[in-house]
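Structure data (mmCIF, C-alpha atoms (C1' of nucleotides)) from my_file_8.cif:
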data_query
#
loop_
_atom_site.label_atom_id
_atom_site.label_comp_id
_atom_site.auth_asym_id
_atom_site.auth_seq_id
_atom_site.Cartn_x
_atom_site.Cartn_y
_atom_site.Cartn_z
CA MET A 1 -4.30 31.90 5.20
CA LYS A 2 -6.41 32.65 2.16
CA PRO A 3 -9.81 31.02 1.77
CA SER A 4 -9.94 27.47 0.41
CA GLN A 5 -10.93 27.30 -3.20
CA SER A 6 -12.28 24.60 -5.41
CA PRO A 7 -10.07 23.22 -8.15
CA SER A 8 -10.82 23.75 -11.82
CA GLU A 9 -11.94 20.89 -14.00
CA GLU A 10 -8.52 20.91 -15.51
CA GLU A 11 -6.73 20.66 -12.21
CA THR A 12 -8.96 17.84 -11.08
CA ALA A 13 -8.48 16.00 -14.35
CA PHE A 14 -4.77 16.32 -13.91
CA TRP A 15 -4.82 14.92 -10.43
CA VAL A 16 -7.01 12.00 -11.42
CA ALA A 17 -4.78 11.27 -14.37
CA LEU A 18 -1.69 11.45 -12.22
CA ASN A 19 -3.08 8.82 -9.91
CA LEU A 20 -4.32 6.46 -12.56
CA ALA A 21 -1.17 6.67 -14.60
CA GLN A 22 1.10 6.11 -11.67
CA ARG A 23 -0.88 3.23 -10.33
CA SER A 24 -1.33 1.38 -13.58
CA ILE A 25 2.26 1.71 -14.69
CA TYR A 26 3.66 0.89 -11.28
CA ARG A 27 1.60 -2.24 -10.90
CA SER A 28 2.43 -3.61 -14.28
CA MET A 29 6.13 -2.95 -13.81
CA ASP A 30 6.11 -4.59 -10.43
CA ALA A 31 4.34 -7.59 -11.88
CA VAL A 32 7.00 -8.03 -14.54
CA LEU A 33 9.80 -7.85 -12.01
CA LYS A 34 8.11 -10.39 -9.83
CA ALA A 35 7.61 -12.67 -12.80
CA GLU A 36 11.35 -12.48 -13.41
CA GLY A 37 12.02 -13.48 -9.83
CA LEU A 38 13.45 -10.08 -8.96
CA PRO A 39 12.74 -7.89 -5.93
CA PRO A 40 9.87 -5.41 -6.03
CA LEU A 41 10.24 -2.01 -7.59
CA ARG A 42 10.47 -0.18 -4.31
CA TRP A 43 13.74 -1.98 -3.54
CA TYR A 44 15.21 -0.59 -6.69
CA ASP A 45 14.98 2.97 -5.44
CA ILE A 46 16.99 2.05 -2.40
CA LEU A 47 19.58 0.06 -4.28
CA TRP A 48 20.04 2.84 -6.76
CA ALA A 49 20.39 5.44 -4.03
CA LEU A 50 22.98 3.26 -2.34
CA GLU A 51 24.87 2.82 -5.56
CA ARG A 52 25.00 6.52 -6.27
CA ALA A 53 26.18 7.18 -2.74
CA GLY A 54 29.13 4.88 -3.31
CA ARG A 55 31.50 4.17 -0.48
CA CYS A 56 30.31 6.90 1.83
CA GLY A 57 26.95 5.16 2.03
CA VAL A 58 23.59 6.59 2.96
CA ARG A 59 21.77 7.22 6.18
CA PRO A 60 18.32 5.69 6.49
CA PHE A 61 16.68 8.98 7.33
CA GLU A 62 17.99 10.41 4.08
CA LEU A 63 16.30 7.65 2.14
CA GLU A 64 13.18 8.22 4.14
CA ARG A 65 13.02 11.79 2.98
CA SER A 66 14.20 11.56 -0.57
CA LEU A 67 12.23 8.44 -1.42
CA LEU A 68 9.23 9.11 0.78
CA PHE A 69 9.30 6.01 2.88
CA GLU A 70 7.42 5.57 6.08
CA GLN A 71 10.06 5.33 8.77
CA SER A 72 8.97 2.02 10.23
CA ASN A 73 8.49 0.59 6.81
CA LEU A 74 11.93 1.62 5.69
CA SER A 75 13.50 0.24 8.84
CA ARG A 76 12.19 -3.23 8.10
CA LEU A 77 12.93 -3.00 4.41
CA LEU A 78 16.53 -2.14 5.11
CA ARG A 79 16.89 -5.04 7.43
CA ARG A 80 15.65 -7.32 4.69
CA LEU A 81 18.15 -5.88 2.25
CA VAL A 82 20.90 -6.54 4.75
CA ASP A 83 19.60 -10.01 5.53
CA GLU A 84 19.62 -10.87 1.86
CA GLY A 85 23.12 -9.58 1.48
CA LEU A 86 22.28 -6.73 -0.85
CA ALA A 87 23.48 -4.09 1.56
CA LYS A 88 25.65 -3.89 4.62
CA GLU A 89 25.32 -1.53 7.49
CA ALA A 90 27.75 0.13 9.84
CA VAL A 91 27.38 2.33 12.88
CA PHE A 92 27.72 5.98 11.97
CA LYS A 93 30.66 7.25 13.93
CA ASP A 94 29.66 10.88 14.24
CA ASP A 95 26.24 10.08 15.62
CA ARG A 96 25.91 6.84 17.42
CA ARG A 97 22.12 6.83 17.13
CA GLY A 98 22.42 6.33 13.43
CA LYS A 99 23.89 3.99 10.89
CA VAL A 100 25.17 4.02 7.36
CA LEU A 101 24.22 1.68 4.58
CA LYS A 102 26.37 0.62 1.70
CA LEU A 103 25.73 -1.51 -1.32
CA THR A 104 27.38 -4.90 -1.55
CA ALA A 105 28.65 -6.48 -4.74
CA LYS A 106 25.60 -8.70 -4.74
CA GLY A 107 23.41 -5.69 -4.31
CA ARG A 108 25.00 -4.06 -7.31
CA ARG A 109 24.48 -7.14 -9.43
CA ILE A 110 20.83 -7.36 -8.48
CA ARG A 111 20.30 -3.71 -9.23
CA GLU A 112 21.81 -4.18 -12.63
CA ARG A 113 19.61 -7.14 -13.37
CA MET A 114 16.61 -5.13 -12.27
CA TRP A 115 17.56 -2.25 -14.48
CA LYS A 116 17.76 -4.49 -17.51
CA ILE A 117 14.06 -5.06 -17.02
CA TYR A 118 13.03 -1.82 -15.41
CA GLY A 119 14.72 0.54 -17.85
CA PRO A 120 13.00 -0.77 -20.94
CA LEU A 121 9.70 -0.75 -19.06
CA ILE A 122 10.11 2.94 -18.37
CA ARG A 123 10.82 3.49 -22.01
CA ALA A 124 7.84 1.39 -23.02
CA HIS A 125 5.36 3.13 -20.74
CA VAL A 126 6.68 6.64 -20.74
CA GLY A 127 8.43 6.78 -24.07
CA PRO A 128 5.41 7.81 -26.12
CA LEU A 129 5.42 11.20 -24.40
CA ASP A 130 5.84 13.99 -26.91
CA ASP A 131 7.24 16.45 -24.45
CA ALA A 132 8.50 14.70 -21.37
CA GLY A 133 10.70 17.65 -20.44
CA LYS A 134 7.85 20.04 -20.04
CA VAL A 135 5.73 17.58 -18.15
CA THR A 136 8.58 16.73 -15.85
CA ALA A 137 9.18 20.37 -15.10
CA ALA A 138 5.57 20.66 -14.03
CA LEU A 139 5.78 17.65 -11.77
CA ARG A 140 9.07 18.79 -10.37
CA SER A 141 7.58 22.09 -9.35
CA ILE A 142 5.02 20.15 -7.36
CA ILE A 143 7.65 18.01 -5.76
CA VAL A 144 9.87 20.87 -4.79
CA GLY A 145 6.82 22.74 -3.57
CA ASN A 146 6.20 19.83 -1.24
CA GLY A 147 9.69 20.09 0.14
CA ILE A 148 11.06 16.91 -1.39
CA ALA A 149 14.64 16.83 -2.52
CA TRP A 150 14.98 16.61 -6.27
CA GLN A 151 17.97 14.87 -7.85
CA GLU A 152 18.85 16.97 -10.84
CA ASN A 153 21.00 14.17 -12.10
CA MET O 154 8.38 -7.66 -30.55
CA LYS O 155 11.06 -5.08 -31.04
CA PRO O 156 14.17 -5.17 -28.87
CA SER O 157 13.96 -3.63 -25.41
CA GLN O 158 15.51 -0.22 -25.18
CA SER O 159 16.77 1.90 -22.36
CA PRO O 160 14.88 5.03 -21.44
CA SER O 161 16.32 8.48 -21.94
CA GLU O 162 17.33 10.61 -18.98
CA GLU O 163 14.26 12.67 -19.64
CA GLU O 164 11.90 9.74 -19.59
CA THR O 165 13.41 8.41 -16.41
CA ALA O 166 13.20 11.80 -14.77
CA PHE O 167 9.57 11.99 -15.71
CA TRP O 168 8.81 8.61 -14.24
CA VAL O 169 10.63 9.39 -11.01
CA ALA O 170 8.84 12.71 -10.74
CA LEU O 171 5.50 11.09 -11.40
CA ASN O 172 6.02 8.73 -8.51
CA LEU O 173 7.30 11.26 -6.04
CA ALA O 174 4.61 13.77 -6.85
CA GLN O 175 1.82 11.28 -6.59
CA ARG O 176 3.06 9.81 -3.37
CA SER O 177 3.73 13.05 -1.57
CA ILE O 178 0.48 14.69 -2.54
CA TYR O 179 -1.59 11.62 -1.87
CA ARG O 180 -0.15 11.09 1.57
CA SER O 181 -0.60 14.63 2.69
CA MET O 182 -4.18 14.74 1.43
CA ASP O 183 -4.99 11.50 3.14
CA ALA O 184 -3.51 12.80 6.35
CA VAL O 185 -5.72 15.88 6.26
CA LEU O 186 -8.85 13.83 5.67
CA LYS O 187 -7.99 11.57 8.53
CA ALA O 188 -7.38 14.54 10.77
CA GLU O 189 -10.87 15.74 9.91
CA GLY O 190 -12.29 12.39 10.90
CA LEU O 191 -13.27 11.57 7.33
CA PRO O 192 -12.73 8.34 5.38
CA PRO O 193 -9.53 7.82 3.42
CA LEU O 194 -9.07 9.25 -0.03
CA ARG O 195 -9.57 5.95 -1.78
CA TRP O 196 -13.15 5.83 -0.55
CA TYR O 197 -13.82 9.07 -2.27
CA ASP O 198 -13.22 7.59 -5.69
CA ILE O 199 -15.84 4.97 -5.04
CA LEU O 200 -18.36 7.37 -3.56
CA TRP O 201 -17.95 9.71 -6.46
CA ALA O 202 -18.33 6.94 -9.00
CA LEU O 203 -21.50 5.82 -7.23
CA GLU O 204 -22.85 9.32 -7.21
CA ARG O 205 -22.26 9.82 -10.91
CA ALA O 206 -23.90 6.50 -11.64
CA GLY O 207 -27.05 7.69 -9.91
CA ARG O 208 -29.94 5.33 -9.51
CA CYS O 209 -28.73 2.69 -11.94
CA GLY O 210 -25.79 2.04 -9.65
CA VAL O 211 -22.44 0.52 -10.46
CA ARG O 212 -21.11 -2.99 -10.66
CA PRO O 213 -18.05 -3.77 -8.56
CA PHE O 214 -16.06 -5.06 -11.50
CA GLU O 215 -16.55 -1.74 -13.23
CA LEU O 216 -15.03 0.07 -10.29
CA GLU O 217 -12.25 -2.44 -10.25
CA ARG O 218 -11.31 -1.53 -13.78
CA SER O 219 -11.91 2.17 -13.88
CA LEU O 220 -10.36 2.88 -10.50
CA LEU O 221 -7.71 0.18 -10.58
CA PHE O 222 -8.61 -1.68 -7.46
CA GLU O 223 -7.42 -5.13 -6.63
CA GLN O 224 -10.48 -7.31 -6.76
CA SER O 225 -10.21 -8.77 -3.28
CA ASN O 226 -9.40 -5.40 -1.84
CA LEU O 227 -12.37 -3.77 -3.47
CA SER O 228 -14.64 -6.54 -2.28
CA ARG O 229 -13.77 -5.84 1.33
CA LEU O 230 -13.83 -2.11 0.86
CA LEU O 231 -17.32 -2.24 -0.58
CA ARG O 232 -18.52 -4.31 2.31
CA ARG O 233 -17.24 -1.66 4.66
CA LEU O 234 -19.02 1.05 2.74
CA VAL O 235 -22.22 -0.93 3.00
CA ASP O 236 -21.64 -1.71 6.68
CA GLU O 237 -21.20 1.94 7.41
CA GLY O 238 -24.33 2.81 5.53
CA LEU O 239 -22.66 4.81 2.79
CA ALA O 240 -23.81 2.48 0.05
CA LYS O 241 -26.40 -0.20 -0.41
CA GLU O 242 -26.18 -3.22 -2.60
CA ALA O 243 -28.68 -5.23 -4.57
CA VAL O 244 -28.47 -8.41 -6.58
CA PHE O 245 -28.07 -7.67 -10.26
CA LYS O 246 -31.04 -9.21 -11.95
CA ASP O 247 -29.55 -9.89 -15.35
CA ASP O 248 -26.58 -11.75 -13.93
CA ARG O 249 -27.12 -13.34 -10.61
CA ARG O 250 -23.41 -13.71 -9.94
CA GLY O 251 -23.13 -9.99 -9.65
CA LYS O 252 -24.48 -7.10 -7.67
CA VAL O 253 -25.13 -3.43 -8.06
CA LEU O 254 -24.11 -0.70 -5.67
CA LYS O 255 -25.89 2.55 -5.08
CA LEU O 256 -25.08 5.53 -2.96
CA THR O 257 -27.20 6.22 0.10
CA ALA O 258 -28.16 9.67 1.35
CA LYS O 259 -25.56 9.29 4.04
CA GLY O 260 -22.99 8.33 1.45
CA ARG O 261 -23.78 11.45 -0.51
CA ARG O 262 -23.42 13.63 2.56
CA ILE O 263 -20.07 12.12 3.40
CA ARG O 264 -18.82 12.56 -0.13
CA GLU O 265 -19.81 16.19 -0.02
CA ARG O 266 -18.05 16.71 3.26
CA MET O 267 -14.98 15.03 1.84
CA TRP O 268 -15.06 17.20 -1.24
CA LYS O 269 -15.10 20.34 0.86
CA ILE O 270 -11.68 19.30 2.06
CA TYR O 271 -10.43 17.37 -0.91
CA GLY O 272 -11.28 19.90 -3.61
CA PRO O 273 -9.29 22.74 -2.10
CA LEU O 274 -6.42 20.36 -1.50
CA ILE O 275 -6.31 19.53 -5.18
CA ARG O 276 -6.29 23.19 -5.96
CA ALA O 277 -3.58 23.82 -3.40
CA HIS O 278 -1.26 21.10 -4.63
CA VAL O 279 -1.97 21.12 -8.31
CA GLY O 280 -3.10 24.68 -8.85
CA PRO O 281 0.37 26.16 -9.31
CA LEU O 282 0.72 24.26 -12.59
CA ASP O 283 1.23 26.62 -15.46
CA ASP O 284 -0.05 24.24 -18.08
CA ALA O 285 -2.15 21.54 -16.51
CA GLY O 286 -3.90 20.85 -19.79
CA LYS O 287 -0.78 19.81 -21.58
CA VAL O 288 0.42 17.69 -18.72
CA THR O 289 -2.93 16.02 -18.41
CA ALA O 290 -3.00 15.21 -22.08
CA ALA O 291 0.34 13.48 -21.68
CA LEU O 292 -0.81 11.48 -18.72
CA ARG O 293 -4.05 10.63 -20.42
CA SER O 294 -2.23 9.18 -23.38
CA ILE O 295 -0.40 6.91 -20.98
CA ILE O 296 -3.59 5.88 -19.28
CA VAL O 297 -5.44 5.15 -22.46
CA GLY O 298 -2.38 3.33 -23.74
CA ASN O 299 -2.67 1.10 -20.70
CA GLY O 300 -6.24 0.29 -21.51
CA ILE O 301 -7.84 2.20 -18.66
CA ALA O 302 -11.14 3.93 -19.24
CA TRP O 303 -10.86 7.70 -19.21
CA GLN O 304 -13.76 9.87 -18.05
CA GLU O 305 -13.74 12.84 -20.35
CA ASN O 306 -16.09 14.60 -17.99
"C1'" DG W 307 -28.15 -29.73 -23.54
"C1'" DA W 308 -23.80 -31.41 -21.31
"C1'" DA W 309 -19.01 -30.40 -20.74
"C1'" DA W 310 -15.39 -27.10 -20.65
"C1'" DG W 311 -14.06 -22.67 -20.10
"C1'" DT W 312 -14.98 -17.73 -18.20
"C1'" DT W 313 -16.31 -14.34 -15.20
"C1'" DA W 314 -18.25 -12.02 -10.69
"C1'" DG W 315 -17.40 -11.88 -6.34
"C1'" DA W 316 -15.95 -13.76 -1.49
"C1'" DT W 317 -12.63 -15.32 1.73
"C1'" DG W 318 -8.53 -17.54 4.50
"C1'" DA W 319 -3.89 -16.80 5.02
"C1'" DA W 320 0.24 -14.16 4.17
"C1'" DA W 321 2.61 -10.01 3.36
"C1'" DA W 322 3.06 -5.17 3.41
"C1'" DT W 323 2.08 -0.90 5.47
"C1'" DG W 324 0.97 2.35 8.99
"C1'" DC W 325 0.58 3.90 13.84
"C1'" DA W 326 2.12 4.45 18.45
"C1'" DT W 327 5.55 3.99 21.37
"C1'" DC W 328 10.15 2.99 23.05
"C1'" DT W 329 15.25 3.50 23.59
"C1'" DA W 330 19.40 5.72 22.88
"C1'" DT W 331 21.66 9.47 21.56
"C1'" DC W 332 22.33 14.25 20.59
"C1'" DC W 333 21.71 19.27 21.12
"C1'" DA W 334 20.26 23.79 23.40
"C1'" DG W 335 19.55 26.66 27.11
"C1'" DT W 336 20.55 27.61 31.53
"C1'" DA T 337 27.03 19.64 33.94
"C1'" DC T 338 21.94 19.21 34.00
"C1'" DT T 339 17.47 19.34 32.20
"C1'" DG T 340 14.14 19.49 28.47
"C1'" DG T 341 13.46 18.86 24.04
"C1'" DA T 342 14.52 16.96 19.53
"C1'" DT T 343 16.12 13.13 16.34
"C1'" DA T 344 17.59 8.20 14.55
"C1'" DG T 345 16.03 4.09 14.45
"C1'" DA T 346 13.49 -0.34 16.19
"C1'" DT T 347 9.47 -2.83 17.32
"C1'" DG T 348 4.63 -4.51 18.97
"C1'" DC T 349 0.29 -4.24 17.23
"C1'" DA T 350 -3.59 -3.04 14.08
"C1'" DT T 351 -5.10 -2.25 9.60
"C1'" DT T 352 -4.72 -2.66 4.74
"C1'" DT T 353 -3.45 -4.97 0.70
"C1'" DT T 354 -2.31 -8.87 -1.84
"C1'" DC T 355 -2.26 -13.78 -3.23
"C1'" DA T 356 -4.38 -18.02 -3.97
"C1'" DT T 357 -8.35 -20.36 -4.11
"C1'" DC T 358 -13.20 -21.16 -3.94
"C1'" DT T 359 -18.21 -21.00 -5.36
"C1'" DA T 360 -21.78 -19.80 -8.22
"C1'" DA T 361 -23.43 -18.24 -12.34
"C1'" DC T 362 -22.89 -17.38 -17.15
"C1'" DT T 363 -21.10 -18.64 -22.15
"C1'" DT T 364 -19.35 -21.34 -25.68
"C1'" DT T 365 -18.67 -25.44 -28.14
"C1'" DC T 366 -19.83 -29.58 -29.79
#
Do you think you could lay out the structure here as structure tokens?
Amino acid sequence: MKPSQSPSEEETAFWVALNLAQRSIYRSMDAVLKAEGLPPLRWYDILWALERAGRCGVRPFELERSLLFEQSNLSRLLRRLVDEGLAKEAVFKDDRRGKVLKLTAKGRRIRERMWKIYGPLIRAHVGPLDDAGKVTAALRSIIVGNGIAWQEN
Amino acid sequence: MKPSQSPSEEETAFWVALNLAQRSIYRSMDAVLKAEGLPPLRWYDILWALERAGRCGVRPFELERSLLFEQSNLSRLLRRLVDEGLAKEAVFKDDRRGKVLKLTAKGRRIRERMWKIYGPLIRAHVGPLDDAGKVTAALRSIIVGNGIAWQEN
DNA sequence: GAAAGTTAGATGAAAATGCATCTATCCAGT
DNA sequence: ACTGGATAGATGCATTTTCATCTAACTTTC
């Protein structure tokens, strides 16, 4: 374990910027969705993951890891999704502790409606980037370095 | 108002990465601070802002804007800081609705102790960036575009 | 200078989040 | 097959965050 070192001005500035940018964009997006009567942004991540998984479905613990949910938080969130008919769950045959979640038709419709709003918001907030590719690569290296799965697609 | 457009793959990837990176780093830093018996990361932002402001102090609504706090949340947070003796507050003479906050000696000590942990964590998580400057510039453009004040220093 | 509108900040109630713990299963070593 | 440990997920409880609203002070307009 090498000795702890202080960050450079540049590194600190980056970290501060990362936080401010994320927070401000996230909040304003979430506000727009709410104003449209749609579910909060965090639901979108789940719905989209379910949609990509298709008919095989997804295990909660996978979502927990790839989307960085708190386990207890995710557990309740998933129940709400099921209660509202956006997802359905089934016992996972190979491991009876677990379950599998799949998107319902309603869930798909809601996700699409969300994307109609969410997509353009991403473009609006992030679009002005001159070199998104390079920046993303930098962020991705952080993410991978933290052991988070990265969807190349 | 020009028509809403969908984001490119690249823009979306950037936004996803921004979220994951921020969340994962933030959580792990916060966990370390807690393990050391220190206040949560969000307090640091306030303490540091107070320290930079020096003896003139800071108005809560300024913190609200520059650090992106929810007003009601900040209000309670500040009371806790005062209760724990990390900050002291005074009525703001020129506008008797408002108040001014200043750091106490204890507050300064705590901030320093936090920085001993926090600084190296920034370095550890962010340090590996090859080109932090470029990335920061990109993020800063977003932040400024969202109307948030940016501390050049 | 009175009325109408704004802004700073506080606060009750609701919602979200996090923490600790629990149960049920699964897996590994013996 | 049995025991000890790990893992998936749920849930009670505490804390944090948000939402809506309130009060008091300031500002603007007429």
With the file shown as input, list the residues that the PyMOL selection byres ((chain A) within 7 of (chain O)) selects, as a PyMOL selection string.
chain A and resi 4-7+10-14+17-22+119-120+122-123+125-127+129+132-133+135-136+138-140+142-143
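Across the chains present, the PyMOL selection byres ((chain O) within 8 of (chain W)) applied to this file returns Phe214, Ser225, Ser228, Arg250 and Gly251 of chain O.
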Chain T contacts to chain A at 10 Å (all atoms listed in the file) as a PyMOL selection string:
chain T and resi 343-347
Give me the result of the PyMOL selection byres ((chain O and resi 266) around 12) on this file, residue by residue, as a PyMOL selection string.
chain O and resi 186+189-192+197+200-201+259-265+267-273
When you look at Lys102 in chain A with a cut-off of 12 Å (counting all atoms listed in the file), what residues show up, excluding the ones that are within fewer than 2 positions of it in the same chain? I need them as a PyMOL selection string.
chain A and resi 46-60+78+81-82+85-92+99-100+104-108
